[in-house]
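This report concerns only the one structure given below.
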Amino acid sequence: MTQLGNTRVAFIETLTEIAEQDPRAALVCADSVLVIKGKAFAEKHPDRFFDVGIAEQNAVACAAGMAACGLVPFVATYAGFITMRACEQVRTFVAYPGLSVKLVGANGGISAGEREGVTHQFFEDLGIMRTIPGITVVVPADDSQVRHATHAIYRTPGPAYMRIGSGRDPVVDCDDVPFELGKVRVLLDHGRDIVLFANGFVVNRALQAAEVLRQGGIRPLVVDVHTLKPLDRQAIVKILDETGAAVTVEDHNIIGGLGSAIAELSVEECPAAIARVGLRDTYPRSGEPDALLDFYHMSVADIVQAAKTAIRKRDRGSQA
Amino acid sequence: MMNEAIRRLEDIARLIRIDIVTMIHKAGDGHPGAALSAADIVTALYFHAMNIDPAYPDKKDRDRFILSKGHGCPALYAALARKGYFPHADLVRLRSLDCHLQGHPDMNKTPGVDFTSGSLGNGIAIGLGMILAGRVGGCDYFTYVVTGDGEIQEGIVWEAAMSAKKYKVGRLIVFVDNNGIQSGGPVDQVSGLNPILPKWEAFGWHCQEIDGHDFGQILHAVENAKANMEQPSLILAHTVKGQGVPFMIGDNSWHKRVPTVEEYREAMRVLGGPCS
């Protein structure tokens, strides 16, 4: 049984602590205070808690005005309502002026949207944010990583987007590997037969797949690419150079997210055999999180299979 | 005294109109109609109403201005140049690659611009955020927003209208530059927007209706707005697109059009400007 944590609570607790130290820190909600467990912040810092109603464009633009006048506002609501409905406000009034507005999107991925269905499952958010110049994009693996990531995006001037989940988010047993914004985390190092690049709430699945591979005589490396932008190009290229084969594992459309980022880098810097595991450019349906991920080809078996395919392609290429 | 102040503002507005037509003619691009309709409001704010000091453009407690209808920026640029935020000679290089004067206002490129604008509808929400930040930081500045009438067809305007009511931001003062014409034609043909004022009244704003080319009325409305600290203020300013340049009035091709040499000379003749 997977242990579950709560990334929403982790975010709010961390922001509440930050706000105790820094009078500039604020929270902007769009009738999302209960969703993102924001009451703890609102009660502690009522003068810096703003609920602008069910109005995400307004929330983001309003936060931009706050940031232009010295605050460091965090806008938190469902991931898709920030990145899609308020996309233009994010791009033109937050990212373009380079303002320190921190965007926090809940229900990131199909598993975190779980039983709500497509309207509340967000698997395009990272691709959308990644194409906007100047935004830091972070996809923490679990509640503990959300705490580190919240501190990191707060400390880093300028705009940022961070994904959080449903509040029932799998805990990854890798806290001993430190979090540094913009740097990959090597979670498991059995060798250099293949690398599994993963982020978000499917990191556990990558770790489980690595164990299956190891038992089958394949020595994998598992790397958490929590910062999707700016990408840790140097470390990733070095790993690709050593392995020549990679699998990307993400709870996101295979277009635009981690798979795209790694493939783009690989094409330019270090061609490798890459297999992408993620949502295969389709709309999911309601369901229990783990069952959903399995159904939409993000199972441990899918990752193992993808790894074998990538290795086969690499080896075929090297013989040619 | 008031009459003297008004005469002074009228003359500054005339110079700003000369700048608007000249910069669009010389630069070869821009939106003259919308800049001319907003010119008197912008003049009244920058040369009378606002607490600003061009020597300290980043002063924390200064009043803020957002030209939500960013395409009217020749009016803003002319006002900023004449206030001394940057050299007046920059104006004619509007929209050129080596100039800080972007096609629409950019807070990081042009000194004195308080916020980036251009995509319509966003200024009121941003202005609301500015006032809320001022409250947190203990700064009592006012934020003035000039929006077009067509622009308030955007949904975010009404999202912000509701939030501004909730937060009782008496220091947010919004002018609607009601020139009645938008890109595609008369507002009434494009949208069911009218009547404007009852909508804002229903949204809980303090509302006034004025002639947007009458400085006495503009200044009086600002004073009334400042006296009400419980409600955000909406000033519906009736204006004329192309005001000051007769051949542009009633011809919406001047929404975005560059005056020819002959047209430029004619505009300078009626505005009393030099023709260089």
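Every chain in the structure tokens takes a letter, A first, then B, and so on in the order presented; its residues are numbered from 1, and the ligands are numbered from 1 following the presented order.
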Mind dumping a table of every chain A residue within 9 Å of chain B, with the nearest atom pair and its distance in Å to one decimal, using only C-alpha atoms, sorted by chain and rising number, as a Markdown table?
| residue | atom | partner | partner_atom | distance |
| --- | --- | --- | --- | --- |
| A:Pro23 | CA | B:Val136 | CA | 8.3 |
| A:Arg24 | CA | B:Gly137 | CA | 8.2 |
| A:Asp47 | CA | B:Val136 | CA | 6.7 |
| A:Arg48 | CA | B:Val136 | CA | 6.9 |
| A:Phe50 | CA | B:Leu132 | CA | 8.9 |
| A:Asp51 | CA | B:Ser163 | CA | 8.3 |
| A:Val52 | CA | B:Ser163 | CA | 5.4 |
| A:Gly53 | CA | B:Ser163 | CA | 7.2 |
| A:Ile54 | CA | B:Glu159 | CA | 8.2 |
| A:Ala55 | CA | B:Glu159 | CA | 5.9 |
| A:Glu56 | CA | B:Ile156 | CA | 8.7 |
| A:Gln57 | CA | B:Ile156 | CA | 6.2 |
| A:Asn58 | CA | B:Ala125 | CA | 5.5 |
| A:Ala59 | CA | B:Ala125 | CA | 7.8 |
| A:Val60 | CA | B:Ala125 | CA | 8.6 |
| A:Ala61 | CA | B:Ile126 | CA | 5.1 |
| A:Cys62 | CA | B:Gly129 | CA | 4.1 |
| A:Ala63 | CA | B:Gly129 | CA | 5.8 |
| A:Ala64 | CA | B:Ile126 | CA | 6.2 |
| A:Gly65 | CA | B:Ile126 | CA | 4.3 |
| A:Met66 | CA | B:Gly129 | CA | 4.6 |
| A:Ala67 | CA | B:Ala133 | CA | 7.8 |
| A:Ala68 | CA | B:Met130 | CA | 7.1 |
| A:Cys69 | CA | B:Met130 | CA | 5.8 |
| A:Gly70 | CA | B:Ala133 | CA | 7.0 |
| A:Leu71 | CA | B:Ala133 | CA | 6.3 |
| A:Glu88 | CA | B:Ser119 | CA | 8.8 |
| A:Gln89 | CA | B:Asn122 | CA | 8.0 |
| A:Thr92 | CA | B:Thr116 | CA | 8.1 |
| A:Phe93 | CA | B:Thr116 | CA | 6.9 |
| A:Tyr96 | CA | B:Thr116 | CA | 8.8 |
| A:Pro97 | CA | B:Asn108 | CA | 6.6 |
| A:Gly98 | CA | B:Asn108 | CA | 8.9 |
Could you save those same residues with N, CA and C atoms as an mmCIF file, in the first residue's frame?
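Dumped everything to out-v8.cif:
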data_model
loop_
_atom_site.group_PDB
_atom_site.id
_atom_site.type_symbol
_atom_site.label_atom_id
_atom_site.label_comp_id
_atom_site.auth_asym_id
_atom_site.auth_seq_id
_atom_site.Cartn_x
_atom_site.Cartn_y
_atom_site.Cartn_z
ATOM 1 N N PRO A 23 6.872 39.980 5.169
ATOM 2 C CA PRO A 23 5.573 40.673 5.044
ATOM 3 C C PRO A 23 5.118 40.876 3.608
ATOM 4 N N ARG A 24 5.949 40.516 2.640
ATOM 5 C CA ARG A 24 5.549 40.679 1.234
ATOM 6 C C ARG A 24 4.761 39.478 0.718
ATOM 7 N N ASP A 47 -4.733 39.847 6.467
ATOM 8 C CA ASP A 47 -4.478 41.064 5.675
ATOM 9 C C ASP A 47 -3.772 40.754 4.361
ATOM 10 N N ARG A 48 -3.225 39.551 4.238
ATOM 11 C CA ARG A 48 -2.513 39.197 3.000
ATOM 12 C C ARG A 48 -3.162 38.010 2.287
ATOM 13 N N PHE A 50 -6.284 37.068 -0.144
ATOM 14 C CA PHE A 50 -7.252 37.695 -1.040
ATOM 15 C C PHE A 50 -8.006 36.617 -1.819
ATOM 16 N N ASP A 51 -9.325 36.676 -1.736
ATOM 17 C CA ASP A 51 -10.152 35.776 -2.543
ATOM 18 C C ASP A 51 -10.936 36.634 -3.515
ATOM 19 N N VAL A 52 -10.622 36.535 -4.787
ATOM 20 C CA VAL A 52 -11.260 37.414 -5.783
ATOM 21 C C VAL A 52 -12.463 36.755 -6.443
ATOM 22 N N GLY A 53 -12.884 35.611 -5.918
ATOM 23 C CA GLY A 53 -14.046 34.939 -6.500
ATOM 24 C C GLY A 53 -13.659 34.021 -7.643
ATOM 25 N N ILE A 54 -14.656 33.399 -8.256
ATOM 26 C CA ILE A 54 -14.404 32.442 -9.340
ATOM 27 C C ILE A 54 -14.020 33.246 -10.578
ATOM 28 N N ALA A 55 -12.767 33.637 -10.637
ATOM 29 C CA ALA A 55 -12.328 34.630 -11.615
ATOM 30 C C ALA A 55 -10.811 34.540 -11.747
ATOM 31 N N GLU A 56 -10.359 33.523 -12.458
ATOM 32 C CA GLU A 56 -8.916 33.252 -12.484
ATOM 33 C C GLU A 56 -8.119 34.321 -13.225
ATOM 34 N N GLN A 57 -8.681 34.847 -14.310
ATOM 35 C CA GLN A 57 -7.961 35.903 -15.035
ATOM 36 C C GLN A 57 -7.752 37.098 -14.110
ATOM 37 N N ASN A 58 -8.801 37.431 -13.394
ATOM 38 C CA ASN A 58 -8.748 38.518 -12.421
ATOM 39 C C ASN A 58 -7.707 38.214 -11.342
ATOM 40 N N ALA A 59 -7.675 36.965 -10.878
ATOM 41 C CA ALA A 59 -6.729 36.585 -9.823
ATOM 42 C C ALA A 59 -5.286 36.799 -10.279
ATOM 43 N N VAL A 60 -4.999 36.376 -11.498
ATOM 44 C CA VAL A 60 -3.614 36.481 -11.985
ATOM 45 C C VAL A 60 -3.254 37.943 -12.274
ATOM 46 N N ALA A 61 -4.167 38.673 -12.915
ATOM 47 C CA ALA A 61 -3.879 40.083 -13.217
ATOM 48 C C ALA A 61 -3.743 40.896 -11.933
ATOM 49 N N CYS A 62 -4.607 40.608 -10.987
ATOM 50 C CA CYS A 62 -4.569 41.290 -9.702
ATOM 51 C C CYS A 62 -3.229 41.019 -8.995
ATOM 52 N N ALA A 63 -2.798 39.775 -9.038
ATOM 53 C CA ALA A 63 -1.506 39.416 -8.437
ATOM 54 C C ALA A 63 -0.363 40.138 -9.151
ATOM 55 N N ALA A 64 -0.501 40.314 -10.445
ATOM 56 C CA ALA A 64 0.534 41.046 -11.188
ATOM 57 C C ALA A 64 0.626 42.481 -10.686
ATOM 58 N N GLY A 65 -0.533 43.099 -10.467
ATOM 59 C CA GLY A 65 -0.541 44.460 -9.914
ATOM 60 C C GLY A 65 0.086 44.500 -8.527
ATOM 61 N N MET A 66 -0.196 43.482 -7.723
ATOM 62 C CA MET A 66 0.399 43.404 -6.373
ATOM 63 C C MET A 66 1.916 43.290 -6.462
ATOM 64 N N ALA A 67 2.378 42.430 -7.367
ATOM 65 C CA ALA A 67 3.819 42.216 -7.498
ATOM 66 C C ALA A 67 4.524 43.482 -7.985
ATOM 67 N N ALA A 68 3.836 44.243 -8.830
ATOM 68 C CA ALA A 68 4.420 45.499 -9.324
ATOM 69 C C ALA A 68 4.547 46.523 -8.196
ATOM 70 N N CYS A 69 3.801 46.309 -7.115
ATOM 71 C CA CYS A 69 3.840 47.235 -5.984
ATOM 72 C C CYS A 69 4.451 46.578 -4.747
ATOM 73 N N GLY A 70 5.294 45.574 -4.957
ATOM 74 C CA GLY A 70 6.145 45.097 -3.879
ATOM 75 C C GLY A 70 5.776 43.810 -3.183
ATOM 76 N N LEU A 71 4.579 43.257 -3.433
ATOM 77 C CA LEU A 71 4.239 41.986 -2.783
ATOM 78 C C LEU A 71 4.811 40.803 -3.572
ATOM 79 N N GLU A 88 -3.252 34.011 -20.854
ATOM 80 C CA GLU A 88 -2.752 35.273 -21.399
ATOM 81 C C GLU A 88 -2.302 36.231 -20.302
ATOM 82 N N GLN A 89 -3.028 36.235 -19.189
ATOM 83 C CA GLN A 89 -2.600 37.090 -18.072
ATOM 84 C C GLN A 89 -1.249 36.616 -17.536
ATOM 85 N N THR A 92 1.375 37.667 -20.484
ATOM 86 C CA THR A 92 1.609 39.070 -20.823
ATOM 87 C C THR A 92 1.834 39.953 -19.600
ATOM 88 N N PHE A 93 1.177 39.617 -18.487
ATOM 89 C CA PHE A 93 1.235 40.532 -17.348
ATOM 90 C C PHE A 93 2.044 40.004 -16.163
ATOM 91 N N TYR A 96 5.972 38.297 -18.979
ATOM 92 C CA TYR A 96 6.640 39.307 -19.818
ATOM 93 C C TYR A 96 7.273 40.415 -18.975
ATOM 94 N N PRO A 97 6.555 40.974 -17.996
ATOM 95 C CA PRO A 97 7.228 41.966 -17.137
ATOM 96 C C PRO A 97 8.191 41.341 -16.118
ATOM 97 N N GLY A 98 8.233 40.021 -16.036
ATOM 98 C CA GLY A 98 9.178 39.361 -15.111
ATOM 99 C C GLY A 98 8.805 39.542 -13.651
#
Name all residues at most 6 Å from Tyr85 (chain B) (count only C-alpha atoms; drop same-chain ones fewer than 2 positions away) and give them as a compact mmCIF listing (two decimals) with C-alpha atoms, in the first residue's frame.
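Result written to out.txt:
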# COMPACT_ATOMS: atom_id res chain seq x y z
CA PRO B 54 9.51 62.41 -12.73
CA LEU B 80 5.51 61.25 -20.09
CA ALA B 81 7.95 63.00 -22.42
CA LYS B 83 6.73 65.58 -17.86
CA PRO B 111 10.50 55.23 -17.90
CA GLY B 112 7.32 56.35 -16.18
Residues within 7 Å of Ile16 (chain B), only C-alpha atoms, excluding chain neighbours under 6 positions, as a PyMOL selection string: chain B and resi 75+78-79
With C-alpha atoms retained, write the just-selected residues as a JSON list (two decimals), in the first residue's frame.
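Output (out-v6.json):
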[["chain", "number", "residue", "atom", "x", "y", "z"],
["B", 75, "ALA", "CA", -1.12, 60.10, -25.63],
["B", 78, "ALA", "CA", 3.59, 62.41, -25.12],
["B", 79, "ALA", "CA", 2.53, 63.15, -21.53]]
Per DSSP on the backbone, filter region 17-225 of chain B down to the residues in alpha helix (DSSP H) and report them as a CSV table (one decimal) with C-alpha atoms, in the first residue's frame.
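Generated file (result39.csv):
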chain,number,residue,atom,x,y,z
B,17,ARG,CA,-2.2,66.3,-29.6
B,18,ILE,CA,0.5,67.8,-31.8
B,19,ASP,CA,2.9,65.2,-30.4
B,20,ILE,CA,0.4,62.3,-31.1
B,21,VAL,CA,-0.1,63.2,-34.7
B,22,THR,CA,3.5,64.0,-35.3
B,23,MET,CA,4.9,60.8,-33.8
B,24,ILE,CA,2.4,58.6,-35.7
B,25,HIS,CA,3.2,60.5,-38.9
B,26,LYS,CA,7.0,60.3,-38.5
B,27,ALA,CA,7.1,56.8,-37.1
B,32,PRO,CA,-4.3,58.2,-33.6
B,33,GLY,CA,-8.1,58.1,-33.0
B,34,ALA,CA,-7.9,56.4,-29.6
B,35,ALA,CA,-5.0,58.5,-28.5
B,36,LEU,CA,-6.8,61.7,-29.3
B,37,SER,CA,-10.0,60.7,-27.5
B,38,ALA,CA,-8.0,60.0,-24.3
B,39,ALA,CA,-5.6,63.0,-24.5
B,40,ASP,CA,-7.5,65.3,-22.2
B,41,ILE,CA,-8.0,62.7,-19.5
B,42,VAL,CA,-4.3,61.7,-19.6
B,43,THR,CA,-3.3,65.4,-19.5
B,44,ALA,CA,-5.6,66.2,-16.5
B,73,CYS,CA,-0.2,55.0,-25.9
B,74,PRO,CA,0.9,58.0,-28.1
B,75,ALA,CA,-1.1,60.1,-25.6
B,76,LEU,CA,0.7,58.5,-22.7
B,77,TYR,CA,4.1,58.7,-24.3
B,78,ALA,CA,3.6,62.4,-25.1
B,79,ALA,CA,2.5,63.1,-21.5
B,80,LEU,CA,5.5,61.3,-20.1
B,81,ALA,CA,7.9,63.0,-22.4
B,82,ARG,CA,6.5,66.4,-21.6
B,83,LYS,CA,6.7,65.6,-17.9
B,123,GLY,CA,-6.1,47.3,-16.4
B,124,ILE,CA,-8.8,47.3,-13.8
B,125,ALA,CA,-7.8,44.0,-12.3
B,126,ILE,CA,-4.1,45.1,-12.2
B,127,GLY,CA,-5.1,48.4,-10.7
B,128,LEU,CA,-7.0,46.6,-8.0
B,129,GLY,CA,-3.9,44.5,-7.2
B,130,MET,CA,-1.9,47.7,-6.9
B,131,ILE,CA,-4.3,49.2,-4.4
B,132,LEU,CA,-4.5,46.0,-2.3
B,133,ALA,CA,-0.6,45.9,-2.2
B,134,GLY,CA,-0.6,49.5,-1.1
B,135,ARG,CA,-2.9,48.6,1.8
B,136,VAL,CA,-0.6,45.8,2.9
B,137,GLY,CA,2.4,48.1,2.7
B,155,GLY,CA,-15.1,39.4,-19.1
B,156,ILE,CA,-12.2,40.1,-16.8
B,157,VAL,CA,-13.4,43.7,-16.5
B,158,TRP,CA,-16.5,42.5,-14.6
B,159,GLU,CA,-14.5,40.0,-12.6
B,160,ALA,CA,-12.4,42.9,-11.4
B,161,ALA,CA,-15.5,45.1,-10.9
B,162,MET,CA,-16.9,42.6,-8.4
B,163,SER,CA,-13.6,42.2,-6.5
B,164,ALA,CA,-13.1,45.9,-6.3
B,165,LYS,CA,-16.5,46.3,-4.8
B,166,LYS,CA,-15.8,43.6,-2.2
B,187,VAL,CA,-19.9,49.9,-30.2
B,188,ASP,CA,-23.6,49.5,-30.6
B,189,GLN,CA,-23.1,47.5,-33.8
B,190,VAL,CA,-20.4,45.3,-32.3
B,197,LEU,CA,-23.3,53.5,-16.4
B,198,PRO,CA,-26.2,51.4,-15.0
B,199,LYS,CA,-24.0,48.3,-15.2
B,200,TRP,CA,-21.3,49.9,-13.0
B,201,GLU,CA,-23.9,51.2,-10.6
B,202,ALA,CA,-25.3,47.7,-10.3
B,215,PHE,CA,-11.1,69.9,-17.9
B,216,GLY,CA,-13.4,71.4,-15.4
B,217,GLN,CA,-15.6,68.3,-15.4
B,218,ILE,CA,-12.6,65.9,-15.4
B,219,LEU,CA,-11.0,67.6,-12.4
B,220,HIS,CA,-14.2,67.9,-10.5
B,221,ALA,CA,-15.0,64.2,-11.1
B,222,VAL,CA,-11.5,63.2,-9.8
B,223,GLU,CA,-12.2,65.3,-6.6
B,224,ASN,CA,-15.6,63.6,-6.1
B,225,ALA,CA,-14.0,60.2,-6.7
Region 13-231 of chain B: residues DSSP assigns to strand (DSSP E or B), reported as a ChimeraX atom specification: /B:64-67,143-148,172-178,181-182,185-186,206-211
So how many Å separate CA of Pro105 (chain B) and CA of Leu91 (chain B), to one decimal?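 It comes out at 12.9 Å.
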Return the single residue from B:Gly184, B:Gly30, B:Gln231, B:Leu120 that is closest to Gly204 (chain B), with distances computed using only C-alpha atoms.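 For Gly204 (chain B), the nearest of the given residues is B:Gln231.
Using only C-alpha atoms, the contacts of region 188-199 of chain A at a cut-off of 6 Å, with sequence neighbours closer than 4 positions omitted, comprise Ala141, Val203, Arg219, Pro220, Leu221, Val222, Val223, Asp224, Val225, His226, Thr243, Ala245, Ala246, Val247, Thr248, Val249 and Glu250 of chain A.
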Go ahead and write the selection's residues with C-alpha atoms as a PDB file, in the first residue's frame.
ATOM      1  CA  ALA A 141       7.432  14.480  -6.588  1.00  0.00           C
ATOM      2  CA  VAL A 203       8.179   9.071  -9.645  1.00  0.00           C
ATOM      3  CA  ARG A 219      20.934  -1.689 -14.474  1.00  0.00           C
ATOM      4  CA  PRO A 220      18.887   1.547 -14.472  1.00  0.00           C
ATOM      5  CA  LEU A 221      19.400   5.059 -13.213  1.00  0.00           C
ATOM      6  CA  VAL A 222      16.355   6.986 -11.931  1.00  0.00           C
ATOM      7  CA  VAL A 223      16.488  10.757 -12.144  1.00  0.00           C
ATOM      8  CA  ASP A 224      13.895  13.208 -10.810  1.00  0.00           C
ATOM      9  CA  VAL A 225      13.625  16.163 -13.194  1.00  0.00           C
ATOM     10  CA  HIS A 226      11.544  18.291 -10.852  1.00  0.00           C
ATOM     11  CA  THR A 243      23.353   5.630 -21.097  1.00  0.00           C
ATOM     12  CA  ALA A 245      18.894   5.253 -23.842  1.00  0.00           C
ATOM     13  CA  ALA A 246      16.185   6.925 -21.794  1.00  0.00           C
ATOM     14  CA  VAL A 247      12.580   6.650 -20.753  1.00  0.00           C
ATOM     15  CA  THR A 248      10.612   9.709 -19.710  1.00  0.00           C
ATOM     16  CA  VAL A 249       7.854   9.124 -17.152  1.00  0.00           C
ATOM     17  CA  GLU A 250       5.278  11.824 -16.480  1.00  0.00           C
TER      18      GLU A 250
END
